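Right, one structure below, let's go through it.
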Amino acid sequence: MTCFSIQKSLVFGLLLAALLGLPALSAYAQETQPPPEEVEKLRQLEAAEEEAASGKVDSPIVVELFTTADCTACVFADRILYDTMRGDKNVIALSCKIEDMSELYTKFESWRETKERRKNQKAVKQTGPMDPCVFRLWTYLSSYSTDEINLRIPTFIFNGYDRAVGGEHGYYAMMLNKYHYRSKNKTLEVFMRWKDKDTITIHLPADPKAGKSKKSASVWIVRYKDMAVEKVDKGMNKGRVLRFSNVIQDIRHIGKWHQQMRTLDVDVPAPQGGKERGGYAILVQETMGEPVLASGMLADYPHPNDIKAQAEAKARAAKAAKLREETRNAVPEKEPEKTAPAPAQ
């Protein structure tokens with residue numbers, strides 16, 4: 001029985017004694033009645049105990065979306081990512097936008113046809129380095145496979161481990177819900193703060209389950225842009241204007257983590273604000289393509305232009321809300337009563 005349940009039982013018993021005519025006990029009940037703020041604390045404690053029993057955790061959930069402009073399903077996938085990061089405080093949402101589609105499997109051809117097309121392309125000319133987002137997706141999918149990898153888009157990757165392909169919306173929701181529980185999500189949180197406008201202080205946590213043999217993991221810093229808007233000139237989305245959320249701009253290695261507490265200061269460019277506004281994410285993985293062991297996120301250092309724009313937007317929203325309220329409360333003028341025409345003589 002929780003402490004709050006004991007408290008409730010005690011209060012109920014004292015009240016019952018008072019009703020049965022025991023004045024001393026009644027007075028004692030009045031004297032020992034907990035104040036409202038104490039009752040609220042007990043309720044919060046009981047809620048925390050119930051949540052701990054259910055296994056829910058506030059661990060970060062890294063959701064990476066691999067998307068491209070030449071894909072209709074990617075439009076809906078980006079909306080899912082956007083809604084998730086707006087509605088779930090634990091989610092670290094990142095979008096990797098693929099520019100070169102030559103290495104991808106499409107729904108318009110079989111896997112055998114895709115393989116043959118790639119072979120012919122490489123026989124004609126050297127295509128150059130693989131698209132960085134295609135390479136990143138390949139590293140995730142090849143970690144647990146020895147066969148040829150079928151790269152499909154859009155694809156969601158959860159904490160560098162599980163995946164959901166575009167169209168599996170029900171599976172996406174189920175997988176996201178699983179990562180809210182301790183049995184599935186053991187990712188540690190990385191704390192980040194601005195030391196000054198172009199330096200980030202990163203606090204890497206200690207792993208409480210670390211044994212004598214320490215893991216050697218890599219620490220990656222990811223630069224992302226809040227939103228990218230693109231007008232598509234070719235492909236199946238030709239003529240459309242598409243939005244991409246939290247688009248990855250750059251990924252670089254900044255250090256190692258051996259499951260022990262560590263603090264790093266990282267120099268970054270001064271924030272530009274406006275359309276270039278974004279932030280930084282930290283991903284700790286043993287190697288690229290492996291599960292995420294720890295992660296964190298930090299928005300850009302406040303830019304003066306952004307602060308001014310936010311204040312103006314807030315003022316416009318308040319003015320619009322006031323106008324709606326006045327319109328709602330306005331009493332309509334009464335129409336003059338219509339008199340029936342006099343009967344003809």
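In the structure tokens, chains take letters A, B, ... by order of appearance, with residues numbered from 1 within each chain and ligands from 1 in the order shown.
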From a DSSP pass on the backbone, collect the residues of range 121-341 of chain A flagged as helix (DSSP H, G or I) and hand them back as an MDAnalysis selection string. chainID A and resid 121:124 132:142 169:178 274:276 304:329
Where does DSSP see strand (DSSP E or B) in range 294-335 of chain A, if you list the residues as a PDB file with all heavy atoms, in the first residue's frame?
```pdb
ATOM      1  N   ALA A 294      23.164   7.109 -26.111  1.00  0.00           N
ATOM      2  CA  ALA A 294      22.816   8.345 -25.394  1.00  0.00           C
ATOM      3  C   ALA A 294      22.567   9.427 -26.431  1.00  0.00           C
ATOM      4  O   ALA A 294      23.139   9.405 -27.528  1.00  0.00           O
ATOM      5  CB  ALA A 294      23.932   8.760 -24.439  1.00  0.00           C
ATOM      6  N   SER A 295      21.715  10.391 -26.085  1.00  0.00           N
ATOM      7  CA  SER A 295      21.385  11.441 -27.050  1.00  0.00           C
ATOM      8  C   SER A 295      20.862  12.672 -26.329  1.00  0.00           C
ATOM      9  O   SER A 295      20.417  12.605 -25.179  1.00  0.00           O
ATOM     10  CB  SER A 295      20.350  10.946 -28.063  1.00  0.00           C
ATOM     11  OG  SER A 295      19.160  10.541 -27.400  1.00  0.00           O
ATOM     12  N   GLY A 296      20.931  13.796 -27.025  1.00  0.00           N
ATOM     13  CA  GLY A 296      20.417  15.057 -26.499  1.00  0.00           C
ATOM     14  C   GLY A 296      20.166  16.024 -27.638  1.00  0.00           C
ATOM     15  O   GLY A 296      20.595  15.802 -28.773  1.00  0.00           O
ATOM     16  N   MET A 297      19.484  17.137 -27.327  1.00  0.00           N
ATOM     17  CA  MET A 297      19.114  18.108 -28.359  1.00  0.00           C
ATOM     18  C   MET A 297      19.139  19.511 -27.780  1.00  0.00           C
ATOM     19  O   MET A 297      18.804  19.707 -26.607  1.00  0.00           O
ATOM     20  CB  MET A 297      17.715  17.773 -28.897  1.00  0.00           C
ATOM     21  CG  MET A 297      17.388  18.366 -30.244  1.00  0.00           C
ATOM     22  SD  MET A 297      15.795  17.705 -30.843  1.00  0.00           S
ATOM     23  CE  MET A 297      15.955  18.055 -32.591  1.00  0.00           C
ATOM     24  N   LEU A 298      19.515  20.491 -28.616  1.00  0.00           N
ATOM     25  CA  LEU A 298      19.597  21.881 -28.179  1.00  0.00           C
ATOM     26  C   LEU A 298      19.279  22.796 -29.352  1.00  0.00           C
ATOM     27  O   LEU A 298      19.883  22.680 -30.420  1.00  0.00           O
ATOM     28  CB  LEU A 298      21.005  22.187 -27.640  1.00  0.00           C
ATOM     29  CG  LEU A 298      21.247  23.598 -27.113  1.00  0.00           C
ATOM     30  CD1 LEU A 298      20.448  23.837 -25.834  1.00  0.00           C
ATOM     31  CD2 LEU A 298      22.739  23.821 -26.858  1.00  0.00           C
ATOM     32  N   ALA A 299      18.330  23.715 -29.141  1.00  0.00           N
ATOM     33  CA  ALA A 299      17.985  24.687 -30.174  1.00  0.00           C
ATOM     34  C   ALA A 299      19.065  25.749 -30.270  1.00  0.00           C
ATOM     35  O   ALA A 299      19.877  25.924 -29.358  1.00  0.00           O
ATOM     36  CB  ALA A 299      16.634  25.324 -29.868  1.00  0.00           C
TER      37      ALA A 299
END
```
Neighbour list for range 273-281 of chain A as a ChimeraX atom specification, cut-off 8 Å, only C-alpha atoms, skip fewer than 3 positions in-chain: /A:92,221-227,246,295-300,303,305-306
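For the choices A:Lys234, A:Arg86, A:Arg152, A:Lys209, the atom-to-atom distance to Thr187 in chain A is smallest for A:Lys209 when using only C-alpha atoms.
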Counting only C-alpha atoms, what is within 9 Å of range 76-80 of chain A, bar same-chain residues fewer than 5 positions away, as a list in words?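 My reading of the contact set: Leu65, Thr67, Met85, Ser95, Pro154, Thr155, Phe156, Gly166, Gly167, His169, Arg243, Phe244 and Ser245 of chain A.
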Hey, can you spit out that residue selection with N, CA, C and O atoms as an mmCIF file, in the first residue's frame?
```
data_model
loop_
_atom_site.group_PDB
_atom_site.id
_atom_site.type_symbol
_atom_site.label_atom_id
_atom_site.label_comp_id
_atom_site.auth_asym_id
_atom_site.auth_seq_id
_atom_site.Cartn_x
_atom_site.Cartn_y
_atom_site.Cartn_z
ATOM 1 N N LEU A 65 14.111 10.142 -40.010
ATOM 2 C CA LEU A 65 13.320 9.889 -41.213
ATOM 3 C C LEU A 65 14.218 10.066 -42.426
ATOM 4 O O LEU A 65 14.866 11.109 -42.594
ATOM 5 N N THR A 67 14.126 10.540 -46.316
ATOM 6 C CA THR A 67 13.103 11.032 -47.224
ATOM 7 C C THR A 67 13.753 11.640 -48.460
ATOM 8 O O THR A 67 14.977 11.764 -48.542
ATOM 9 N N MET A 85 7.228 15.313 -33.174
ATOM 10 C CA MET A 85 8.160 16.156 -32.422
ATOM 11 C C MET A 85 7.439 17.316 -31.742
ATOM 12 O O MET A 85 7.921 17.849 -30.744
ATOM 13 N N SER A 95 15.618 14.576 -39.910
ATOM 14 C CA SER A 95 15.224 14.180 -41.255
ATOM 15 C C SER A 95 16.445 14.215 -42.156
ATOM 16 O O SER A 95 17.111 15.241 -42.257
ATOM 17 N N PRO A 154 9.835 6.297 -47.843
ATOM 18 C CA PRO A 154 10.449 6.815 -46.616
ATOM 19 C C PRO A 154 10.653 5.709 -45.587
ATOM 20 O O PRO A 154 9.860 4.774 -45.520
ATOM 21 N N THR A 155 11.700 5.847 -44.773
ATOM 22 C CA THR A 155 11.991 4.887 -43.718
ATOM 23 C C THR A 155 12.264 5.631 -42.419
ATOM 24 O O THR A 155 13.037 6.592 -42.403
ATOM 25 N N PHE A 156 11.623 5.184 -41.340
ATOM 26 C CA PHE A 156 11.871 5.714 -40.000
ATOM 27 C C PHE A 156 12.802 4.760 -39.264
ATOM 28 O O PHE A 156 12.598 3.539 -39.312
ATOM 29 N N GLY A 166 7.637 3.703 -44.844
ATOM 30 C CA GLY A 166 6.486 4.559 -45.124
ATOM 31 C C GLY A 166 5.261 3.747 -45.515
ATOM 32 O O GLY A 166 5.345 2.788 -46.294
ATOM 33 N N GLY A 167 4.127 4.125 -45.001
ATOM 34 C CA GLY A 167 2.885 3.385 -45.225
ATOM 35 C C GLY A 167 2.517 2.514 -44.042
ATOM 36 O O GLY A 167 1.347 2.174 -43.856
ATOM 37 N N HIS A 169 1.898 3.081 -40.986
ATOM 38 C CA HIS A 169 1.617 4.091 -39.972
ATOM 39 C C HIS A 169 1.225 3.458 -38.639
ATOM 40 O O HIS A 169 1.586 3.947 -37.577
ATOM 41 N N ARG A 243 7.701 20.657 -47.812
ATOM 42 C CA ARG A 243 8.378 21.066 -46.585
ATOM 43 C C ARG A 243 9.080 19.859 -45.972
ATOM 44 O O ARG A 243 8.527 18.755 -45.945
ATOM 45 N N PHE A 244 10.299 20.067 -45.472
ATOM 46 C CA PHE A 244 11.059 19.025 -44.797
ATOM 47 C C PHE A 244 11.424 19.542 -43.406
ATOM 48 O O PHE A 244 11.951 20.646 -43.267
ATOM 49 N N SER A 245 11.152 18.752 -42.379
ATOM 50 C CA SER A 245 11.328 19.181 -40.987
ATOM 51 C C SER A 245 12.645 18.668 -40.415
ATOM 52 O O SER A 245 13.040 17.525 -40.661
#
```
In Å, how far is it from CA of Trp194 in chain A to CA of Val91 in chain A?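 These atoms are spaced 20.6 Å apart.
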